[in-house]
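K.L.:
One structure, pasted below without further comment.
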Amino acid sequence: MKDRQESLHGDVGDLGDVPPAIFREQLHRLADWIADYREQIAERRIAPNDKPGAILARLNRAAPENAAGLDEIFADIDRVIVPGVAHWAHPQFMSYFGCTTTSPGILAEMMTGALNVNAMTWRTSPAASELETLVLDWLRQWLGLSEQFGGVVYDTASISTMHALATAREQAAPSTRKQGLSGRGLPGFRIYTSSQAHSSVEKGAIAIGIGEDNVRRIGCNADFRMDVLALRKMVASDLRNGFKPLAVVATVGTTSTASVDPVPQIAQVCREHEMWLHIDGAYGAGLALLPECKWVAAGWNEADSIVINPHKMLFIPFDFSALYVRDIARLRRLFTLAPEHLHLRDPVGAEINYMDYGVQLGRRFRALKAWVVWRAFGREGLAARIREHLRLAKLLADWIENDERFELSAPVVMGVVCFRFKAGADDQKIDMVNSSVVERINASGRAYLTQTRLRGRTVMRIGLGNVLTTEQHLRNIWKLIQATATEVAA
Ligand SMILES: Cc1ncc(COP(=O)(O)O)c(C=O)c1O
């Protein structure tokens with residue numbers, strides 16, 4: 001027994017959980033660790049320069065046969081894991097859409113872990129279900145969506161879009177839930193989305209049996225917004241060829257440039273051809289919280305569904321995706337396996353069982369962090385922070401325009417800036433220079449950018465959205481970009 005205790009470093013009891021006193025002590029240490037991490041994060045190198053497999057090589061690969069002390073485990077986290085991640089919350093990490101972790105969000109995530117409830121039915125955790133209903137209603141109002149829209153929380157926009165497309169398919173061919181798609185002489189369904197849309201549209205089409213090839217990519221205009229005339233032509237051509245136009249996925253805040261498709265005009269085409277209109281506002285829909293940006297929400301109330309990821313702009317830690325569907329009862333019917341009249345324990349139907357609104361049975365209590373963060377900041381606080389990120393994006397755009405060696409590659413609509421170092425005559429060489437600048441900066445550990453392709457050319461891309469990012473951080477990055485571009489071009 002004594003040997004056993006020693007092998008456990010005194011940390012972990014024989015059976016049951018870690019002794020409460022040890023848990024409490026570790027928790028206090030963790031509180032300090034997290035606070036230090038947040039406070040000193042800007043001093044860290046952003047991402048490791050390791051080769052694949054380097055982290056595994058530093059860890060003991062043997063499955064743990066005996067218990068280890070928490071001190072030893074946490075020492076490994078400090079030694080190997082923390083230096084081995086990309087620090088998304090670093091104020092000079094500018095990839096993707098900016099990191100939306102906030103301190104209230106971290107606190108709420110810790111509480112969620114402690115509660116560890118399963119939000120599958122109302123009975124398995126009434127507060128989890130009701131809080132989900134509440135935060136979905138707050139967000140619906142902030143987005144300006146009519147009361148007709150009902151919502152559900154999933155993990156990601158990819159999953160939200162898949163469920164939206166499944167509901168569209170159910171509306172067009174109600175027998176598919178029971179009988180599936182194959183071998184029944186149904187028309188070939190077609191889904192339309194722009195050349196700038198996210199690949200989650202194809203993933204959704206693959207998952208629901210419509211197939212990747214039946215997602216038709218529509219060209220964009222000079223501002224990377226869907227060309228509605230081209231959409232009309234594509235739909236007409238598909239109709240002539242015997243296909244059934246099923247849905248259009250319009251994007252509000254595209255992945256590369258944050259461009260916004262002309263939703264009202266797309267909605268008109270959808271009405272004419274009885275197509276489902278799904279809006280992918282995973283990133284951009286959050287802009288609707290700003291009174292001066294209400295333009296972004298034009299046409300939303302004509303849509304059948306809309307997805308927004310508050311973990312992309314609205315300061316909720318990853319992950320949290322909200323899908324709103326105008327006829328949410330259709331989504332529920334599609335995924336409810338027990339008929340409603342069999343819910344005998346709830347004769348008045350007041351219990352919302354979110355497991356009925358999708359493929360998943362077990363569900364995390366995601367609503368808690370939204371409730372905590374949104375109360376901690378309020379809509380005004382959220383809007384003020386987004387406004388600051390827009391200001392920083394415009395400021396960077398000004399700096400770019402004032403340096404003749406650079407050019408903006410797309411209009412700056414939200415907290416995303418695409419630009420290109422253009423010195424030189426040969427486009428391909430310039431592509432290589434832009435790509436090398438991003439790679440060198442990322443390897444330096446001092447900033448982190450993305451590169452993307454626009455109109456066939458490589459450009460650099462910066463995403464703002466982190467509450468820790470200040471104007472000084474942005475200035476540091478811009479100087480680094482200027483210096484690195486000069487070096488690479490030479
Ligand atoms: C516009 C857009 N839609 C959907 C997605 C997919 O998001 P998720 O990772 O939540 O599935 C992304 C990811 O960046 C995106 O930019």
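Identifiers in this document derive from the order of the structure tokens: chains are assigned A, B, ..., residues are numbered from 1 separately in each chain, and ligands are numbered from 1 in order of occurrence.
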Find the residues near ligand 1. Use a cut-off of 6 Å, count only C-alpha atoms and all ligand atoms, and write them as a list in words.
P.N.:
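If we count only C-alpha atoms and all ligand atoms, the neighbours of ligand 1 turn out to be Thr156, Ala157, Ser158, His198, Ser200, Gly253, Thr254, Thr255, Asp280, Ala282 and Tyr283 of chain A.
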K.L.:
If we count only C-alpha atoms, what is near Gly465 (chain A) at a cut-off of 7 Å, once residues fewer than 3 positions away on the same chain are taken out, given as number ranges by chain?
P.N.:
A: 97-100, 313, 389, 415
K.L.:
Going by DSSP on the backbone, which residues of region 342-434 of chain A come out as strand (DSSP E)? List them as a PyMOL selection string.
P.N.:
chain A and resi 406-408+416-421
K.L.:
What lies within 7 Å of region 315-320 of chain A using only C-alpha atoms, ignoring chain neighbours under 4 positions off, as a ChimeraX atom specification?
P.N.:
/A:100-102,105,153-156,309-311,366,369-370,373
K.L.:
Considering only C-alpha atoms, state which residue in the set A:Val82, A:Ala298, A:Ile352, A:Met110 is at the smallest distance from Ile266 (chain A).
P.N.:
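Between A:Val82, A:Ala298, A:Ile352, A:Met110, the residue approaching Ile266 (chain A) most closely is A:Ala298.
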K.L.:
What does the structure give for the distance between CA of Gln141 (chain A) and CA of Gly281 (chain A), in Å to one decimal?
P.N.:
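Going from CA of Gln141 (chain A) over to CA of Gly281 (chain A) covers 15.3 Å.
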K.L.:
List every residue of region 55-183 of chain A that DSSP, applied to the backbone of this structure, places in helix (DSSP H, G or I), and write the result as an MDAnalysis selection string.
P.N.:
chainID A and resid 55:58 70:84 103:115 126:143 157:172 176:179
K.L.:
What's around region 123-138 of chain A at 10 Å? Count only C-alpha atoms, leave out sequence neighbours fewer than 4 positions away in its own chain, and write the answer as a ChimeraX atom specification.
P.N.:
/A:117-119,142-145,147,149-153,322-324,345,351-354,363-372,374,379
K.L.:
Any chance you could export the current selection's C-alpha atoms as a PDB file, in the first residue's frame?
P.N.:
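Dumped everything to part-v6.pdb:
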```pdb
ATOM      1  CA  VAL A 117     -24.075  17.967 -18.101  1.00  0.00           C
ATOM      2  CA  ASN A 118     -25.512  16.465 -21.238  1.00  0.00           C
ATOM      3  CA  ALA A 119     -27.933  18.858 -22.942  1.00  0.00           C
ATOM      4  CA  TRP A 142     -29.498  41.063 -32.209  1.00  0.00           C
ATOM      5  CA  LEU A 143     -29.387  39.699 -35.746  1.00  0.00           C
ATOM      6  CA  GLY A 144     -32.775  41.253 -36.499  1.00  0.00           C
ATOM      7  CA  LEU A 145     -34.304  37.908 -37.457  1.00  0.00           C
ATOM      8  CA  GLU A 147     -39.708  35.565 -34.487  1.00  0.00           C
ATOM      9  CA  PHE A 149     -36.949  31.701 -36.889  1.00  0.00           C
ATOM     10  CA  GLY A 150     -36.163  29.015 -34.349  1.00  0.00           C
ATOM     11  CA  GLY A 151     -32.618  28.058 -33.466  1.00  0.00           C
ATOM     12  CA  VAL A 152     -30.382  25.279 -32.278  1.00  0.00           C
ATOM     13  CA  VAL A 153     -26.743  25.257 -31.171  1.00  0.00           C
ATOM     14  CA  ALA A 322     -26.104  28.710 -34.072  1.00  0.00           C
ATOM     15  CA  LEU A 323     -28.418  27.579 -36.860  1.00  0.00           C
ATOM     16  CA  TYR A 324     -31.721  29.396 -37.311  1.00  0.00           C
ATOM     17  CA  ARG A 345     -43.974  12.543 -19.933  1.00  0.00           C
ATOM     18  CA  GLU A 351     -40.048  20.441 -22.984  1.00  0.00           C
ATOM     19  CA  ILE A 352     -37.545  21.323 -25.681  1.00  0.00           C
ATOM     20  CA  ASN A 353     -35.327  18.361 -26.385  1.00  0.00           C
ATOM     21  CA  TYR A 354     -32.521  19.706 -28.521  1.00  0.00           C
ATOM     22  CA  ARG A 363     -24.704  17.605 -26.544  1.00  0.00           C
ATOM     23  CA  ARG A 364     -22.336  19.906 -24.655  1.00  0.00           C
ATOM     24  CA  PHE A 365     -23.735  22.688 -22.495  1.00  0.00           C
ATOM     25  CA  ARG A 366     -22.499  25.397 -24.880  1.00  0.00           C
ATOM     26  CA  ALA A 367     -25.146  27.937 -23.946  1.00  0.00           C
ATOM     27  CA  LEU A 368     -23.507  28.643 -20.591  1.00  0.00           C
ATOM     28  CA  LYS A 369     -20.468  30.377 -22.063  1.00  0.00           C
ATOM     29  CA  ALA A 370     -22.634  32.461 -24.403  1.00  0.00           C
ATOM     30  CA  TRP A 371     -24.827  33.505 -21.499  1.00  0.00           C
ATOM     31  CA  VAL A 372     -21.812  34.447 -19.385  1.00  0.00           C
ATOM     32  CA  TRP A 374     -22.807  38.162 -23.528  1.00  0.00           C
ATOM     33  CA  ARG A 379     -24.547  44.045 -26.750  1.00  0.00           C
TER      34      ARG A 379
END
```
K.L.:
Would you pick out the contacts of region 184-192 of chain A at 9 Å or less, using only C-alpha atoms, so that residues sharing its chain but fewer than 3 positions from it are not included, and give the list as an MDAnalysis selection string?
P.N.:
chainID A and resid 165 169 173 179:181 201 205 210:211 213:218 231 234:235 238 242:250
K.L.:
Considering only C-alpha atoms, can you say which of A:Asp431, A:Ile73, A:Pro174, A:Trp300 comes closest to Asn60 (chain A)?
P.N.:
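Checking each candidate against Asn60 (chain A), we get A:Ile73 as the closest.
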K.L.:
Using only C-alpha atoms, find the one residue out of A:Met460, A:Ala350, A:Ala489, A:Val325 that sits nearest to Ile430 (chain A).
P.N.:
A:Ala489
K.L.:
Do you have the CA of Val18 (chain A)-CA of Gly69 (chain A) distance handy?
P.N.:
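Here the two named atoms are 9.9 Å from each other.
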K.L.:
Expressed in Å to a single decimal, how great is the separation between CA of Glu487 (chain A) and CA of Asp50 (chain A)?
P.N.:
23.6 Å
K.L.:
Residues near Leu474 (chain A), anyone? I mean within 9 Å using only C-alpha atoms, not counting same-chain ones fewer than 5 positions away, as a PyMOL selection string.
P.N.:
chain A and resi 91-92+392+396+469+479
K.L.:
Can you work out which one of A:Gly53, A:Val263, A:Val413, A:Ile81 has the shortest atom-to-atom distance to Ala297 (chain A), counting only C-alpha atoms?
P.N.:
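Distance minimum relative to Ala297 (chain A) lands on A:Val263.
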K.L.:
Taking only C-alpha atoms into account, name the residue in A:Ala166, A:Lys233, A:Met226, A:Ala47 that is nearest to Trp88 (chain A).
P.N.:
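Of A:Ala166, A:Lys233, A:Met226, A:Ala47, the one nearest Trp88 (chain A) is A:Ala47, counting only C-alpha atoms.
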K.L.:
So, with only C-alpha atoms as the atoms that count, which of A:Arg271, A:Arg405, A:Arg475, A:Arg225 lies closest to Thr251 (chain A)?
P.N.:
A:Arg225
